[in-house]
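Read through the structure below, which is laid out as structure tokens, and then see the notes.
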Amino acid sequence: MLLPGSRILPSPTLAPAHVIESFQSVVTPHISDNLGRHIGARGLTRYNTSGKIVGTALTVKTRPGDNLFIYKALTLIEPGHVLVIDAQGDTNNAVIGELIKLYAEQRGCVGFIVDGAIRDVESFKSTPCYARAVVHCGPYKSGPGEINVPVSVGGMIVSPGDIIVADEDGVVAFPQELAEQVLGKAREHEAHEDAVKAEIATGALDQSWLDKVLEKAGLAN
């Protein structure tokens, strides 16, 4: 058995296309609200101005400021992968930039989640990318690192093969085997919020959704 620290494990099966497509119209708040309201990345900034990530996690854990194992991960990318990089929150050296972005996209990468720094930030405007910081200083290439192991990004644990959904509100991840259940709950949440919006649109002063919460807390009237 390989000891942690320099493992390169096989990539898991990509999520089915119909599952990925079904989450294109689901927003992250409707997902996280049904994952206990505490599952999701925090502290990462969205650097793209358009686009959304829905894909399958290919995970990389790097030594702070080093991207040797990210280079290796590039050779493993399949169409539909999201490159999820745990750079241990280091912001002194960028671990990806425009060159990695271009090559990863060419291989079918649909987005980048980086708990660390990036550079060439202008090139990410139309490429979905979330990172902790931007810095001009480049990375070292001496390792060590790991590929396709559980990683932590923004306090969220991501396992290889997890489904990643990221939009204007942030990033969430969940196992493929829970996709249908998560989708169902998110759709129910969407329907509930649509009903609340319709009630607000009536202009009525008394609102059932508001009264329900206040009554439960003993704050009605």
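To be explicit about the labels: the chains of the structure tokens are called A, B, and onward in the order shown, and within each one the residues are counted from 1, while ligands get numbers from 1 in the order they are shown.
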
Neighbouring residues of A:Ser11 were defined as those with any atom within 8 Å, considering only C-alpha atoms; residues of the same chain fewer than 4 positions away were excluded. Please report them as a PDB file with N, CA, C and O atoms, in the first residue's frame.
ATOM      1  N   LEU A  58     -11.264  16.062 -10.483  1.00  0.00           N
ATOM      2  CA  LEU A  58      -9.936  15.448 -10.552  1.00  0.00           C
ATOM      3  C   LEU A  58      -9.112  16.208  -9.525  1.00  0.00           C
ATOM      4  O   LEU A  58      -8.902  17.416  -9.669  1.00  0.00           O
ATOM      5  N   LEU A  76      -3.781  13.541 -17.134  1.00  0.00           N
ATOM      6  CA  LEU A  76      -4.858  12.621 -16.764  1.00  0.00           C
ATOM      7  C   LEU A  76      -6.243  13.194 -17.025  1.00  0.00           C
ATOM      8  O   LEU A  76      -7.248  12.500 -16.853  1.00  0.00           O
ATOM      9  N   ASN A 148      -5.652  12.501  -7.157  1.00  0.00           N
ATOM     10  CA  ASN A 148      -6.839  11.674  -6.939  1.00  0.00           C
ATOM     11  C   ASN A 148      -6.886  11.081  -5.538  1.00  0.00           C
ATOM     12  O   ASN A 148      -7.116   9.880  -5.326  1.00  0.00           O
ATOM     13  N   PRO A 160     -12.017  12.558  -5.096  1.00  0.00           N
ATOM     14  CA  PRO A 160     -11.983  12.376  -6.546  1.00  0.00           C
ATOM     15  C   PRO A 160     -13.271  11.742  -7.033  1.00  0.00           C
ATOM     16  O   PRO A 160     -13.767  10.786  -6.418  1.00  0.00           O
ATOM     17  N   GLY A 161     -13.838  12.294  -8.100  1.00  0.00           N
ATOM     18  CA  GLY A 161     -15.098  11.783  -8.633  1.00  0.00           C
ATOM     19  C   GLY A 161     -16.315  12.514  -8.131  1.00  0.00           C
ATOM     20  O   GLY A 161     -17.412  12.322  -8.662  1.00  0.00           O
TER      21      GLY A 161
END

Exercise for review: Name the residues of stretch 69-199 of chain A that fall into helix (DSSP H, G or I) according to DSSP on the backbone, using the chain letters and numbers of this document, as a PyMOL selection string.
Suggested key: chain A and resi 69-74+98-106+121-124+176-199

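If you count only C-alpha atoms and ignore residues fewer than 4 places along the chain from stretch 186-195 of chain A, what sits within 9 Å of it is Val26, Val27, Thr28, Pro29, His30, Ile31, Ser32, Asp33, Asn34, Gln181, Val182, Glu199 and Ile200 of chain A.
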
Practice item. Based on DSSP run over this structure's backbone, return all residues of stretch 38-178 of chain A in strand (DSSP E or B), as a PyMOL selection string. Key: chain A and resi 45-46+53-62+66+81-86+94-96+111-118+129-134+140+145-147+151-153+156-158+163-167+170-174

Point to revise | Top pick for closest residue to A:Leu74, considering A:Val54, A:Cys109, A:Val153, A:Val134 and counting only C-alpha atoms | key: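 For A:Leu74, the nearest of the given residues is A:Cys109.
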
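Among the candidates A:Ile164, A:Leu205, A:Cys129, A:Val172, the one nearest to A:Gly51 when counting only C-alpha atoms is A:Cys129.
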
Check your understanding: Quick one: of A:Ala220, A:Val196, A:Ala131, A:Leu214, who's nearest to A:Gly154, counting only C-alpha atoms?
Key ->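 Looking only at the distances to A:Gly154, the closest residue turns out to be A:Ala131.
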
Check your understanding: Which polymer residues have any atom within 10 Å of an atom of A:Tyr140, counting only C-alpha atoms, with same-chain residues fewer than 4 positions away left out, as a list in words?
Key ->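 Everything that qualifies: Arg63, Pro64, Gly65, Asp66, Asn67, Leu68, Asn93, Ala94 and Val95 of chain A.
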
Check your understanding: Contacts of stretch 115-123 of chain A at 12 Å or less, counting only C-alpha atoms, minus same-chain residues fewer than 6 places along, as a ChimeraX atom specification?
Key -> /A:41-49,59-67,83-102,129-139,151-158,171

Revision key, fill the gap. Using only C-alpha atoms, the best pick from A:Gly36, A:Gly218, A:Gly203, A:Gly80 as closest to A:Asp162 would be A:Gly80

Restrict the calculation to only C-alpha atoms, then for each residue of stretch 116-215 of chain A with any atom at most 10 Å from an atom of stretch 6-9 of chain A give the closest atom pair and their distance in Å to one decimal, rows by chain and rising residue number, as JSON lines.
{"residue": "A:Gly143", "atom": "CA", "partner": "A:Ser6", "partner_atom": "CA", "distance": 8.4}
{"residue": "A:Pro144", "atom": "CA", "partner": "A:Ser6", "partner_atom": "CA", "distance": 5.9}
{"residue": "A:Gly145", "atom": "CA", "partner": "A:Ser6", "partner_atom": "CA", "distance": 5.1}
{"residue": "A:Glu146", "atom": "CA", "partner": "A:Arg7", "partner_atom": "CA", "distance": 4.9}
{"residue": "A:Ile147", "atom": "CA", "partner": "A:Ile8", "partner_atom": "CA", "distance": 4.7}
{"residue": "A:Asn148", "atom": "CA", "partner": "A:Leu9", "partner_atom": "CA", "distance": 5.4}
{"residue": "A:Val149", "atom": "CA", "partner": "A:Leu9", "partner_atom": "CA", "distance": 7.2}
{"residue": "A:Pro160", "atom": "CA", "partner": "A:Leu9", "partner_atom": "CA", "distance": 9.5}

Exercise for review: With a distance cut-off of 12 Å and only C-alpha atoms, select the neighbouring residues of A:Glu180, excluding the residue or stretch itself and same-chain residues fewer than 5 positions from it, and output the selection as a list in words.
Suggested key: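 Listed by chain and then number, they are Ala15, Pro16, His18, Val19, Ile20, Ser22, Phe23, Ile31, Ile163, Phe174, Pro175, Lys185, Ala186 and Arg187 of chain A.
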
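The closest residue to A:Leu14, picked from A:Arg37, A:Thr75, A:Glu168, A:Gln176 and counting only C-alpha atoms, is A:Gln176.
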
Check your understanding: Taking into account only C-alpha atoms, which residue in the set A:Val165, A:Leu35, A:Ala17, A:Ile113 is nearest to A:Pro79?
Key -> A:Ala17
